[in-house]
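Participant: Input: one structure, supplied below.
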Amino acid sequence: MENPFVAYLNTLQGTDANNKGSLAESQAKNPLFKELRVPHPLAQEILAELTGENGGNVILTGHAGDGKSTLALEVIRALRKLPPDDPLKDGLKKREIISCGERTVSVVKDLSECKEDERGKLADDLFRPGSGERFLIVSNTGPLLSLFQSNCGRAGENVATVEDRLLGAMDSDVRRTFPFGHVSFAVHNLARKDNLDIGLRMLERMVRSPQWDRCGECPASGRCPLLANRNLLERHFALASRRIRLLYFRAYAYGERLTMRQMAAHFSFLLTGGATCREMAARVASGAEIRPERHLFTNLFWGDDGEKDIPQAVRQLHAVSAMREQRFDARYSPREERAFWNFGGHTPLAETDATLADLERRIRGGKKAALPGRDAALARRQYRRLAFFLGSPAPEGDDGFPAFLSAFLDSPRILDVQGWRDDPSSFKARILAVPIYCVLQEEFSGMRPPEGTGKAGTLYITLGRRGGDIRQSVQLVLSKFDFHDHFEIRLVDGTPALCGIGRLDGIRLDLPLPFLDYLTARNKGELGRGLQRSYRDRLEDLKARILATIRSGDVQGLVLLRRQTDGSLSTVSVKPSDGANALEVIND
């Protein structure tokens, strides 16, 4: 027996030619799409814009796969007053013209699909004075620019000005207005919006769809590894989805944003691994050994079966490549690693789950921590993954498990940042003050405060070479000031920021996750984690703005900063002596 839902999930992955399930045209007509459909938070705002008395036209843009056409499909169903999950018999047309009472709304599902004559007709209707018709135009950047560039004469606009204004409106994560002659557009760019919550709700619908109940009628269900994998994820979904969120959030913070189509492909692959019901039923019927860990989502997440890569996943799934490039699981937490292989000690996995217990026995094996014929390192990697996705700290809470999670994610501060986003009241600025102070001191002078510095003190900006191959134990001070008197650390929209106070009021340096990880690692003496050039540029800009406000001329004479033999920093002031043609040297 073949479950059509499993076959449908495989059409979302794009690992072979059967990938039509990921296209909005297929979603409009496929009755199984309702199993995955998640209402988009922008849909009601767009509907209000198109139908409200004070509304207007809408431009919806973003990358390919961001869900623009799927969102347009949701809007079309609402405008037609159709149930949100009912398939459209005629599918999606290039341009849907819908009567909404006394108003007419046109939805162009993809401007790039319109031929030249169709774009000309659209422009005539769109820019006709006095037209009461409202438009939702879905497009990526190129066709949008072309549409407005070629019609600047209608609006009496300069081409360069229109380009700048349109691109400026698109370069925002909030709604922006784009005026063009007598017509105005509300612009929404899906590429600038965080889509992780929508993606995880889609994963939950995949996992908890009632379509999986059909598998109970299959004679192979008792030994089917696909169904066992899904059932394990369904039982522990709350925990597993939190860990998946951390992986995706870390990748997003480090510059790897995934589209809805890429997430749908990845999440569906977690459930099926690209395998079909027919293949699994044949294996069960043959009586061949079935190794459940090879079909486990904790391995499929990385595009392998725990031992070998799955070629179509590694080649075709962008999400798999993105996760591998993040080098998750490259760092270890020694304390927790020892605990994993301390047989008889605490296990991070739920001991009441028979499936987990069996997987743990199979992966950990005997005291050599490997199945017969298996490489011990591969077994440890599989168990580490299992512990990350499905493990929990010991009941007493002092087993180093958070350190294990941070090491697995290769991010010292990710758990803190996620906690601050979930509960801003948990933010404690003091835990960041010393790491920020130490790194700023090193960047501003090339001299680090002594190891074990327990508090933030005076910051020095010096005139010195930035080459690391030259030791400069004495430098000329351009500016010095007390850190706490001039800066405070605040949480702004879930992201910590270093904010100037007093004379430095108005100066601000945002501290996103990669920057916080660098600060924390450097403060601990770690040398392997580098700072991206963009962040160094921000520190140079911060230094320039400080120098523009607090100058060395505020203090008479010269101030020299020197590093003592014990690593501590001290200053020497050279000032004119009162009433004498001499210099006075003062050790501060």
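Starting from 1 in every chain, residues are counted up; chains themselves are A, B, ... following the order of the structure tokens, and ligands are numbered from 1 as listed.
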Just want the 8 Å neighbourhood of segment 485-498 of chain A, counted on only C-alpha atoms, with same-chain residues fewer than 6 positions away dropped. Output as a list in words.
Facilitator: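 Here the qualifying residues turn out to be Val417, Trp420, Arg421, Pro424, Phe427, Ala429, Leu432, Ala433, Leu504, Arg508, Leu509, Asp510, Leu511 and Pro512 of chain A.
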Participant: Mind writing the picked residues with N, CA and C atoms as a PDB file, in the first residue's frame?
Facilitator:
ATOM      1  N   VAL A 417      21.069  34.520  23.595  1.00  0.00           N
ATOM      2  CA  VAL A 417      20.336  35.385  22.664  1.00  0.00           C
ATOM      3  C   VAL A 417      18.922  34.867  22.471  1.00  0.00           C
ATOM      4  N   TRP A 420      16.900  35.724  25.473  1.00  0.00           N
ATOM      5  CA  TRP A 420      16.527  37.143  25.528  1.00  0.00           C
ATOM      6  C   TRP A 420      15.397  37.452  24.557  1.00  0.00           C
ATOM      7  N   ARG A 421      15.391  36.795  23.417  1.00  0.00           N
ATOM      8  CA  ARG A 421      14.309  37.017  22.449  1.00  0.00           C
ATOM      9  C   ARG A 421      12.986  36.491  22.993  1.00  0.00           C
ATOM     10  N   PRO A 424      12.567  39.061  27.201  1.00  0.00           N
ATOM     11  CA  PRO A 424      13.482  40.212  27.325  1.00  0.00           C
ATOM     12  C   PRO A 424      13.845  40.543  28.771  1.00  0.00           C
ATOM     13  N   PHE A 427      17.299  39.497  30.239  1.00  0.00           N
ATOM     14  CA  PHE A 427      18.550  40.090  29.754  1.00  0.00           C
ATOM     15  C   PHE A 427      19.327  40.717  30.906  1.00  0.00           C
ATOM     16  N   ALA A 429      22.726  42.864  31.335  1.00  0.00           N
ATOM     17  CA  ALA A 429      23.781  43.571  30.606  1.00  0.00           C
ATOM     18  C   ALA A 429      25.160  43.300  31.193  1.00  0.00           C
ATOM     19  N   LEU A 432      27.821  40.973  29.636  1.00  0.00           N
ATOM     20  CA  LEU A 432      28.474  41.357  28.378  1.00  0.00           C
ATOM     21  C   LEU A 432      29.485  42.478  28.566  1.00  0.00           C
ATOM     22  N   ALA A 433      29.417  43.169  29.690  1.00  0.00           N
ATOM     23  CA  ALA A 433      30.232  44.381  29.854  1.00  0.00           C
ATOM     24  C   ALA A 433      31.722  44.089  29.744  1.00  0.00           C
ATOM     25  N   LEU A 504      28.655  60.817  24.843  1.00  0.00           N
ATOM     26  CA  LEU A 504      28.573  59.911  23.701  1.00  0.00           C
ATOM     27  C   LEU A 504      27.136  59.547  23.357  1.00  0.00           C
ATOM     28  N   ARG A 508      25.747  54.348  18.788  1.00  0.00           N
ATOM     29  CA  ARG A 508      25.195  53.013  19.059  1.00  0.00           C
ATOM     30  C   ARG A 508      25.900  51.982  18.192  1.00  0.00           C
ATOM     31  N   LEU A 509      26.208  50.839  18.788  1.00  0.00           N
ATOM     32  CA  LEU A 509      26.803  49.713  18.078  1.00  0.00           C
ATOM     33  C   LEU A 509      25.970  48.477  18.370  1.00  0.00           C
ATOM     34  N   ASP A 510      25.266  47.972  17.341  1.00  0.00           N
ATOM     35  CA  ASP A 510      24.483  46.755  17.522  1.00  0.00           C
ATOM     36  C   ASP A 510      25.414  45.564  17.698  1.00  0.00           C
ATOM     37  N   LEU A 511      24.968  44.600  18.483  1.00  0.00           N
ATOM     38  CA  LEU A 511      25.786  43.430  18.816  1.00  0.00           C
ATOM     39  C   LEU A 511      25.044  42.159  18.407  1.00  0.00           C
ATOM     40  N   PRO A 512      24.991  41.839  17.108  1.00  0.00           N
ATOM     41  CA  PRO A 512      24.312  40.611  16.672  1.00  0.00           C
ATOM     42  C   PRO A 512      25.081  39.377  17.108  1.00  0.00           C
TER      43      PRO A 512
END
Participant: According to DSSP computed on the backbone, where in segment 59-204 of chain A is there strand (DSSP E)? Give the residues as an MDAnalysis selection string.
Facilitator: chainID A and resid 59:61 95:100 103:108 134:138 176:180 183:189
Participant: Please return, as a PDB file with N, CA and C atoms, in the first residue's frame, all residues of segment 41-136 of chain A that DSSP assigns to alpha helix (DSSP H) on the basis of the backbone.
Facilitator:
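Heads up, here's the output in states-v1.pdb:
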ATOM      1  N   ALA A  43      -1.078  38.180   4.997  1.00  0.00           N
ATOM      2  CA  ALA A  43      -2.249  38.056   4.125  1.00  0.00           C
ATOM      3  C   ALA A  43      -3.343  39.055   4.493  1.00  0.00           C
ATOM      4  N   GLN A  44      -3.656  39.164   5.794  1.00  0.00           N
ATOM      5  CA  GLN A  44      -4.735  40.061   6.192  1.00  0.00           C
ATOM      6  C   GLN A  44      -4.366  41.529   5.951  1.00  0.00           C
ATOM      7  N   GLU A  45      -3.098  41.867   6.147  1.00  0.00           N
ATOM      8  CA  GLU A  45      -2.665  43.242   5.890  1.00  0.00           C
ATOM      9  C   GLU A  45      -2.790  43.590   4.412  1.00  0.00           C
ATOM     10  N   ILE A  46      -2.441  42.659   3.531  1.00  0.00           N
ATOM     11  CA  ILE A  46      -2.556  42.895   2.090  1.00  0.00           C
ATOM     12  C   ILE A  46      -4.017  42.988   1.686  1.00  0.00           C
ATOM     13  N   LEU A  47      -4.846  42.132   2.252  1.00  0.00           N
ATOM     14  CA  LEU A  47      -6.284  42.188   1.943  1.00  0.00           C
ATOM     15  C   LEU A  47      -6.882  43.531   2.351  1.00  0.00           C
ATOM     16  N   ALA A  48      -6.511  44.013   3.522  1.00  0.00           N
ATOM     17  CA  ALA A  48      -7.026  45.303   3.973  1.00  0.00           C
ATOM     18  C   ALA A  48      -6.566  46.420   3.039  1.00  0.00           C
ATOM     19  N   GLU A  49      -5.338  46.320   2.550  1.00  0.00           N
ATOM     20  CA  GLU A  49      -4.817  47.330   1.638  1.00  0.00           C
ATOM     21  C   GLU A  49      -5.584  47.322   0.318  1.00  0.00           C
ATOM     22  N   LEU A  50      -5.898  46.135  -0.179  1.00  0.00           N
ATOM     23  CA  LEU A  50      -6.549  46.021  -1.485  1.00  0.00           C
ATOM     24  C   LEU A  50      -8.033  46.355  -1.443  1.00  0.00           C
ATOM     25  N   THR A  51      -8.685  46.155  -0.305  1.00  0.00           N
ATOM     26  CA  THR A  51     -10.141  46.318  -0.254  1.00  0.00           C
ATOM     27  C   THR A  51     -10.605  47.454   0.647  1.00  0.00           C
ATOM     28  N   LYS A  68       6.047  34.012  -2.439  1.00  0.00           N
ATOM     29  CA  LYS A  68       5.252  35.145  -2.947  1.00  0.00           C
ATOM     30  C   LYS A  68       3.967  34.656  -3.621  1.00  0.00           C
ATOM     31  N   SER A  69       4.103  33.685  -4.518  1.00  0.00           N
ATOM     32  CA  SER A  69       2.920  33.194  -5.239  1.00  0.00           C
ATOM     33  C   SER A  69       1.979  32.438  -4.307  1.00  0.00           C
ATOM     34  N   THR A  70       2.535  31.738  -3.323  1.00  0.00           N
ATOM     35  CA  THR A  70       1.686  31.043  -2.358  1.00  0.00           C
ATOM     36  C   THR A  70       0.887  32.040  -1.533  1.00  0.00           C
ATOM     37  N   LEU A  71       1.505  33.152  -1.158  1.00  0.00           N
ATOM     38  CA  LEU A  71       0.788  34.204  -0.441  1.00  0.00           C
ATOM     39  C   LEU A  71      -0.266  34.836  -1.336  1.00  0.00           C
ATOM     40  N   ALA A  72       0.074  35.036  -2.615  1.00  0.00           N
ATOM     41  CA  ALA A  72      -0.925  35.578  -3.559  1.00  0.00           C
ATOM     42  C   ALA A  72      -2.104  34.618  -3.687  1.00  0.00           C
ATOM     43  N   LEU A  73      -1.835  33.308  -3.680  1.00  0.00           N
ATOM     44  CA  LEU A  73      -2.909  32.314  -3.743  1.00  0.00           C
ATOM     45  C   LEU A  73      -3.828  32.441  -2.533  1.00  0.00           C
ATOM     46  N   GLU A  74      -3.264  32.661  -1.358  1.00  0.00           N
ATOM     47  CA  GLU A  74      -4.073  32.843  -0.147  1.00  0.00           C
ATOM     48  C   GLU A  74      -4.948  34.090  -0.264  1.00  0.00           C
ATOM     49  N   VAL A  75      -4.381  35.161  -0.837  1.00  0.00           N
ATOM     50  CA  VAL A  75      -5.145  36.394  -1.019  1.00  0.00           C
ATOM     51  C   VAL A  75      -6.267  36.185  -2.027  1.00  0.00           C
ATOM     52  N   ILE A  76      -5.992  35.472  -3.110  1.00  0.00           N
ATOM     53  CA  ILE A  76      -7.007  35.216  -4.136  1.00  0.00           C
ATOM     54  C   ILE A  76      -8.178  34.439  -3.555  1.00  0.00           C
ATOM     55  N   ARG A  77      -7.875  33.402  -2.770  1.00  0.00           N
ATOM     56  CA  ARG A  77      -8.960  32.623  -2.150  1.00  0.00           C
ATOM     57  C   ARG A  77      -9.819  33.509  -1.253  1.00  0.00           C
ATOM     58  N   ALA A  78      -9.167  34.397  -0.491  1.00  0.00           N
ATOM     59  CA  ALA A  78      -9.925  35.270   0.409  1.00  0.00           C
ATOM     60  C   ALA A  78     -10.769  36.269  -0.384  1.00  0.00           C
ATOM     61  N   LEU A  79     -10.211  36.824  -1.473  1.00  0.00           N
ATOM     62  CA  LEU A  79     -10.968  37.779  -2.285  1.00  0.00           C
ATOM     63  C   LEU A  79     -12.179  37.114  -2.935  1.00  0.00           C
ATOM     64  N   GLU A 116       5.386  40.588 -23.344  1.00  0.00           N
ATOM     65  CA  GLU A 116       5.515  42.035 -23.532  1.00  0.00           C
ATOM     66  C   GLU A 116       4.161  42.703 -23.733  1.00  0.00           C
ATOM     67  N   ASP A 117       3.291  42.094 -24.558  1.00  0.00           N
ATOM     68  CA  ASP A 117       1.985  42.710 -24.783  1.00  0.00           C
ATOM     69  C   ASP A 117       1.129  42.680 -23.518  1.00  0.00           C
ATOM     70  N   GLU A 118       1.296  41.628 -22.689  1.00  0.00           N
ATOM     71  CA  GLU A 118       0.543  41.539 -21.436  1.00  0.00           C
ATOM     72  C   GLU A 118       1.026  42.596 -20.441  1.00  0.00           C
ATOM     73  N   ARG A 119       2.329  42.869 -20.443  1.00  0.00           N
ATOM     74  CA  ARG A 119       2.846  43.923 -19.566  1.00  0.00           C
ATOM     75  C   ARG A 119       2.355  45.292 -20.035  1.00  0.00           C
ATOM     76  N   GLY A 120       2.263  45.454 -21.365  1.00  0.00           N
ATOM     77  CA  GLY A 120       1.749  46.723 -21.881  1.00  0.00           C
ATOM     78  C   GLY A 120       0.311  46.961 -21.463  1.00  0.00           C
ATOM     79  N   LYS A 121      -0.534  45.926 -21.551  1.00  0.00           N
ATOM     80  CA  LYS A 121      -1.937  46.043 -21.125  1.00  0.00           C
ATOM     81  C   LYS A 121      -2.008  46.306 -19.622  1.00  0.00           C
ATOM     82  N   LEU A 122      -1.156  45.626 -18.854  1.00  0.00           N
ATOM     83  CA  LEU A 122      -1.133  45.856 -17.412  1.00  0.00           C
ATOM     84  C   LEU A 122      -0.759  47.297 -17.099  1.00  0.00           C
ATOM     85  N   ALA A 123       0.242  47.836 -17.790  1.00  0.00           N
ATOM     86  CA  ALA A 123       0.660  49.216 -17.549  1.00  0.00           C
ATOM     87  C   ALA A 123      -0.454  50.197 -17.891  1.00  0.00           C
ATOM     88  N   ASP A 124      -1.185  49.938 -18.989  1.00  0.00           N
ATOM     89  CA  ASP A 124      -2.299  50.822 -19.361  1.00  0.00           C
ATOM     90  C   ASP A 124      -3.340  50.863 -18.247  1.00  0.00           C
ATOM     91  N   ASP A 125      -3.665  49.689 -17.686  1.00  0.00           N
ATOM     92  CA  ASP A 125      -4.672  49.636 -16.628  1.00  0.00           C
ATOM     93  C   ASP A 125      -4.134  50.209 -15.315  1.00  0.00           C
ATOM     94  N   LEU A 126      -2.859  49.928 -15.048  1.00  0.00           N
ATOM     95  CA  LEU A 126      -2.279  50.313 -13.760  1.00  0.00           C
ATOM     96  C   LEU A 126      -2.095  51.818 -13.647  1.00  0.00           C
TER      97      LEU A 126
END
Participant: Tell me which protein, DNA and RNA residues are within 10 Å of Arg291 of chain A, counting only C-alpha atoms, leaving out same-chain ones fewer than 4 positions away, and put them as a list in words.
Facilitator: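 These residues fall inside the cut-off: Pro225, His295, Leu296, Asp305, Leu359 and Arg362 of chain A.
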Participant: Next, write the just-selected residues to a file, as a PDB file, in the first residue's frame, keeping N, CA and C atoms as the atom set.
Facilitator:
ATOM      1  N   PRO A 225      10.720   1.841   8.477  1.00  0.00           N
ATOM      2  CA  PRO A 225      11.562   2.844   9.135  1.00  0.00           C
ATOM      3  C   PRO A 225      11.090   4.270   8.897  1.00  0.00           C
ATOM      4  N   HIS A 295      17.568   5.828   8.674  1.00  0.00           N
ATOM      5  CA  HIS A 295      16.398   6.577   8.213  1.00  0.00           C
ATOM      6  C   HIS A 295      15.945   7.587   9.276  1.00  0.00           C
ATOM      7  N   LEU A 296      16.837   7.939  10.167  1.00  0.00           N
ATOM      8  CA  LEU A 296      16.494   8.794  11.300  1.00  0.00           C
ATOM      9  C   LEU A 296      16.666  10.266  10.920  1.00  0.00           C
ATOM     10  N   ASP A 305      23.126   9.153   6.060  1.00  0.00           N
ATOM     11  CA  ASP A 305      22.428   8.123   6.833  1.00  0.00           C
ATOM     12  C   ASP A 305      23.161   7.776   8.116  1.00  0.00           C
ATOM     13  N   LEU A 359      17.539   2.728  19.919  1.00  0.00           N
ATOM     14  CA  LEU A 359      18.522   3.467  19.120  1.00  0.00           C
ATOM     15  C   LEU A 359      19.793   3.711  19.922  1.00  0.00           C
ATOM     16  N   ARG A 362      21.737   0.513  20.022  1.00  0.00           N
ATOM     17  CA  ARG A 362      22.342   0.187  18.728  1.00  0.00           C
ATOM     18  C   ARG A 362      23.549   1.086  18.433  1.00  0.00           C
TER      19      ARG A 362
END
Participant: Give me the residues near Glu451 of chain A as a PyMOL selection string, where near means some atom within 12 Å (using only C-alpha atoms) and where sequence neighbours in that chain fewer than 3 positions away do not count.
Facilitator: chain A and resi 434-435+438+447-448+454-455+522-526+566-569
Participant: Please, could you write that set of residues out with N, CA and C atoms as a PDB file, in the first residue's frame?
Facilitator:
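And here is the file that came out, again-v4.pdb:
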ATOM      1  N   VAL A 434      32.233  43.099  30.487  1.00  0.00           N
ATOM      2  CA  VAL A 434      33.675  42.816  30.475  1.00  0.00           C
ATOM      3  C   VAL A 434      34.142  42.289  29.121  1.00  0.00           C
ATOM      4  N   PRO A 435      33.444  41.320  28.485  1.00  0.00           N
ATOM      5  CA  PRO A 435      33.894  40.890  27.151  1.00  0.00           C
ATOM      6  C   PRO A 435      33.938  42.031  26.141  1.00  0.00           C
ATOM      7  N   CYS A 438      36.948  44.351  26.958  1.00  0.00           N
ATOM      8  CA  CYS A 438      38.252  43.763  26.619  1.00  0.00           C
ATOM      9  C   CYS A 438      38.503  43.792  25.117  1.00  0.00           C
ATOM     10  N   MET A 447      46.327  46.451  22.652  1.00  0.00           N
ATOM     11  CA  MET A 447      46.739  45.913  23.949  1.00  0.00           C
ATOM     12  C   MET A 447      45.522  45.342  24.677  1.00  0.00           C
ATOM     13  N   ARG A 448      45.593  44.066  25.001  1.00  0.00           N
ATOM     14  CA  ARG A 448      44.506  43.455  25.752  1.00  0.00           C
ATOM     15  C   ARG A 448      44.697  43.696  27.237  1.00  0.00           C
ATOM     16  N   GLY A 454      38.204  41.415  35.765  1.00  0.00           N
ATOM     17  CA  GLY A 454      36.890  41.180  36.346  1.00  0.00           C
ATOM     18  C   GLY A 454      35.898  42.307  36.185  1.00  0.00           C
ATOM     19  N   LYS A 455      36.367  43.457  35.719  1.00  0.00           N
ATOM     20  CA  LYS A 455      35.451  44.568  35.550  1.00  0.00           C
ATOM     21  C   LYS A 455      35.937  45.466  34.424  1.00  0.00           C
ATOM     22  N   ARG A 522      36.934  35.679  22.245  1.00  0.00           N
ATOM     23  CA  ARG A 522      38.179  36.420  22.437  1.00  0.00           C
ATOM     24  C   ARG A 522      38.433  36.700  23.913  1.00  0.00           C
ATOM     25  N   ASN A 523      37.364  36.973  24.642  1.00  0.00           N
ATOM     26  CA  ASN A 523      37.537  37.234  26.074  1.00  0.00           C
ATOM     27  C   ASN A 523      38.018  35.991  26.816  1.00  0.00           C
ATOM     28  N   LYS A 524      37.718  34.812  26.261  1.00  0.00           N
ATOM     29  CA  LYS A 524      38.185  33.564  26.866  1.00  0.00           C
ATOM     30  C   LYS A 524      39.558  33.156  26.342  1.00  0.00           C
ATOM     31  N   GLY A 525      40.145  33.998  25.465  1.00  0.00           N
ATOM     32  CA  GLY A 525      41.470  33.693  24.953  1.00  0.00           C
ATOM     33  C   GLY A 525      41.478  32.819  23.719  1.00  0.00           C
ATOM     34  N   GLU A 526      40.298  32.571  23.105  1.00  0.00           N
ATOM     35  CA  GLU A 526      40.245  31.739  21.919  1.00  0.00           C
ATOM     36  C   GLU A 526      40.742  32.535  20.714  1.00  0.00           C
ATOM     37  N   ASP A 566      53.606  42.516  33.874  1.00  0.00           N
ATOM     38  CA  ASP A 566      52.560  41.594  34.309  1.00  0.00           C
ATOM     39  C   ASP A 566      51.318  41.645  33.439  1.00  0.00           C
ATOM     40  N   GLY A 567      51.385  42.427  32.341  1.00  0.00           N
ATOM     41  CA  GLY A 567      50.259  42.521  31.422  1.00  0.00           C
ATOM     42  C   GLY A 567      49.301  43.651  31.719  1.00  0.00           C
ATOM     43  N   SER A 568      49.415  44.286  32.857  1.00  0.00           N
ATOM     44  CA  SER A 568      48.516  45.385  33.194  1.00  0.00           C
ATOM     45  C   SER A 568      48.887  46.637  32.401  1.00  0.00           C
ATOM     46  N   LEU A 569      47.930  47.545  32.285  1.00  0.00           N
ATOM     47  CA  LEU A 569      48.115  48.775  31.531  1.00  0.00           C
ATOM     48  C   LEU A 569      48.200  49.954  32.495  1.00  0.00           C
TER      49      LEU A 569
END
Participant: For the interface of segment 220-327 of chain A with segment 175-190 of chain A (cut-off 12 Å, counting only C-alpha atoms), please tabulate each contacting residue of segment 220-327 of chain A alongside its nearest pair of atoms and their separation in Å to one decimal, rows sorted by chain and increasing number, as a Markdown table.
Facilitator:
| residue | atom | partner | partner_atom | distance |
| --- | --- | --- | --- | --- |
| A:Arg257 | CA | A:Leu190 | CA | 11.5 |
| A:Leu258 | CA | A:Leu190 | CA | 11.5 |
| A:Thr259 | CA | A:Leu190 | CA | 9.2 |
| A:Met260 | CA | A:Leu190 | CA | 10.1 |
Participant: Out of A:Asn231, A:Ser333, A:Gln27, A:Asn151, which residue has the shortest atom-to-atom distance to Phe404 of chain A when counting only C-alpha atoms?
Facilitator: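 Counting only C-alpha atoms, the residue closest to Phe404 of chain A is A:Ser333.
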Participant: Would you work out the distance separating atom CA of Asn195 of chain A from atom CA of Tyr252 of chain A, expressed in Å to one decimal?
Facilitator: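 About the pair atom CA of Asn195 of chain A and atom CA of Tyr252 of chain A: they are 10.2 Å apart.
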Participant: In Å, with one decimal, what is the gap from atom CA of Pro402 of chain A to atom CA of His266 of chain A?
Facilitator: 26.0 Å
Participant: Which is closest to Gln472 of chain A among A:Leu547, A:Val138, A:Leu415, A:Leu560, if we use only C-alpha atoms?
Facilitator: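 That would be A:Leu560, the residue with the smallest distance to Gln472 of chain A.
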Participant: Between A:Pro311, A:Pro31, A:Lys115, A:Pro129, which has the minimum distance to Asp85 of chain A (counting only C-alpha atoms)?
Facilitator: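 Using only C-alpha atoms, Asp85 of chain A sits closest to A:Pro31.
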Participant: Give me the residues near Leu317 of chain A as number ranges by chain, where near means some atom within 8 Å (using only C-alpha atoms) and where sequence neighbours in that chain fewer than 6 positions away do not count.
Facilitator: A: 13-15, 262, 265-266
Participant: Tell me, in Å to one decimal, how far atom CA of Ala330 of chain A is from atom CA of Gln316 of chain A.
Facilitator: 23.1 Å
Participant: At a cut-off of 8 Å, using only C-alpha atoms, what residues contact Cys224 of chain A? Leave out same-chain residues fewer than 2 positions from it and give the result as a list in words.
Facilitator: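 So, after excluding close chain neighbours, the residues are Ala220, Ser221, Gly222, Leu226, Leu227, Ala228, Met280, Ala281 and Val284 of chain A.
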Participant: Excluding Gln382 of chain A and its own-chain neighbours fewer than 2 positions away, which residues fall within 9 Å of it when counting only C-alpha atoms? Please give them as a compact mmCIF listing (two decimals) with N, CA and C atoms, in the first residue's frame.
Facilitator:
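Output (around-v3.txt):
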# COMPACT_ATOMS: atom_id res chain seq x y z
N GLU A 293 18.52 3.62 12.28
CA GLU A 293 19.30 4.85 12.38
C GLU A 293 19.62 5.43 11.01
N THR A 298 17.55 12.71 12.62
CA THR A 298 18.75 13.33 13.19
C THR A 298 19.95 13.16 12.27
N ASN A 299 19.93 12.15 11.41
CA ASN A 299 20.98 11.99 10.40
C ASN A 299 20.57 12.63 9.08
N GLY A 306 24.06 8.67 8.54
CA GLY A 306 24.86 8.42 9.72
C GLY A 306 26.24 7.92 9.39
N GLU A 307 26.38 7.35 8.18
CA GLU A 307 27.68 6.85 7.74
C GLU A 307 28.06 7.44 6.39
N ILE A 363 23.42 2.38 18.76
CA ILE A 363 24.49 3.32 18.40
C ILE A 363 25.65 3.23 19.38
N ALA A 377 34.17 6.57 15.66
CA ALA A 377 33.93 8.01 15.49
C ALA A 377 32.57 8.27 14.88
N LEU A 378 32.13 7.43 13.92
CA LEU A 378 30.80 7.60 13.32
C LEU A 378 29.71 7.32 14.34
N ALA A 379 29.93 6.33 15.19
CA ALA A 379 28.94 6.03 16.23
C ALA A 379 28.81 7.21 17.19
N ARG A 380 29.94 7.78 17.58
CA ARG A 380 29.89 8.93 18.49
C ARG A 380 29.19 10.11 17.83
N ARG A 384 25.90 11.86 19.24
CA ARG A 384 25.94 13.30 19.53
C ARG A 384 24.76 14.00 18.87
N ARG A 385 24.45 13.64 17.64
CA ARG A 385 23.29 14.22 16.95
C ARG A 385 22.00 13.87 17.67
N LEU A 386 21.88 12.60 18.05
CA LEU A 386 20.67 12.16 18.76
C LEU A 386 20.50 12.93 20.06
N ALA A 387 21.60 13.14 20.76
CA ALA A 387 21.53 13.88 22.02
C ALA A 387 21.17 15.34 21.78
Participant: Choose the residue, out of A:Pro449, A:Ser479, A:Asp86, A:Leu516, that has the smallest atom-to-atom separation from Ile431 of chain A; count only C-alpha atoms.
Facilitator: A:Leu516
Participant: Could you check the closest approach to Arg545 of chain A for each of A:Ala403, A:Pro348, A:Glu25, A:Asp505 and tell me which residue wins, using only C-alpha atoms?
Facilitator: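 Distance minimum relative to Arg545 of chain A lands on A:Asp505.
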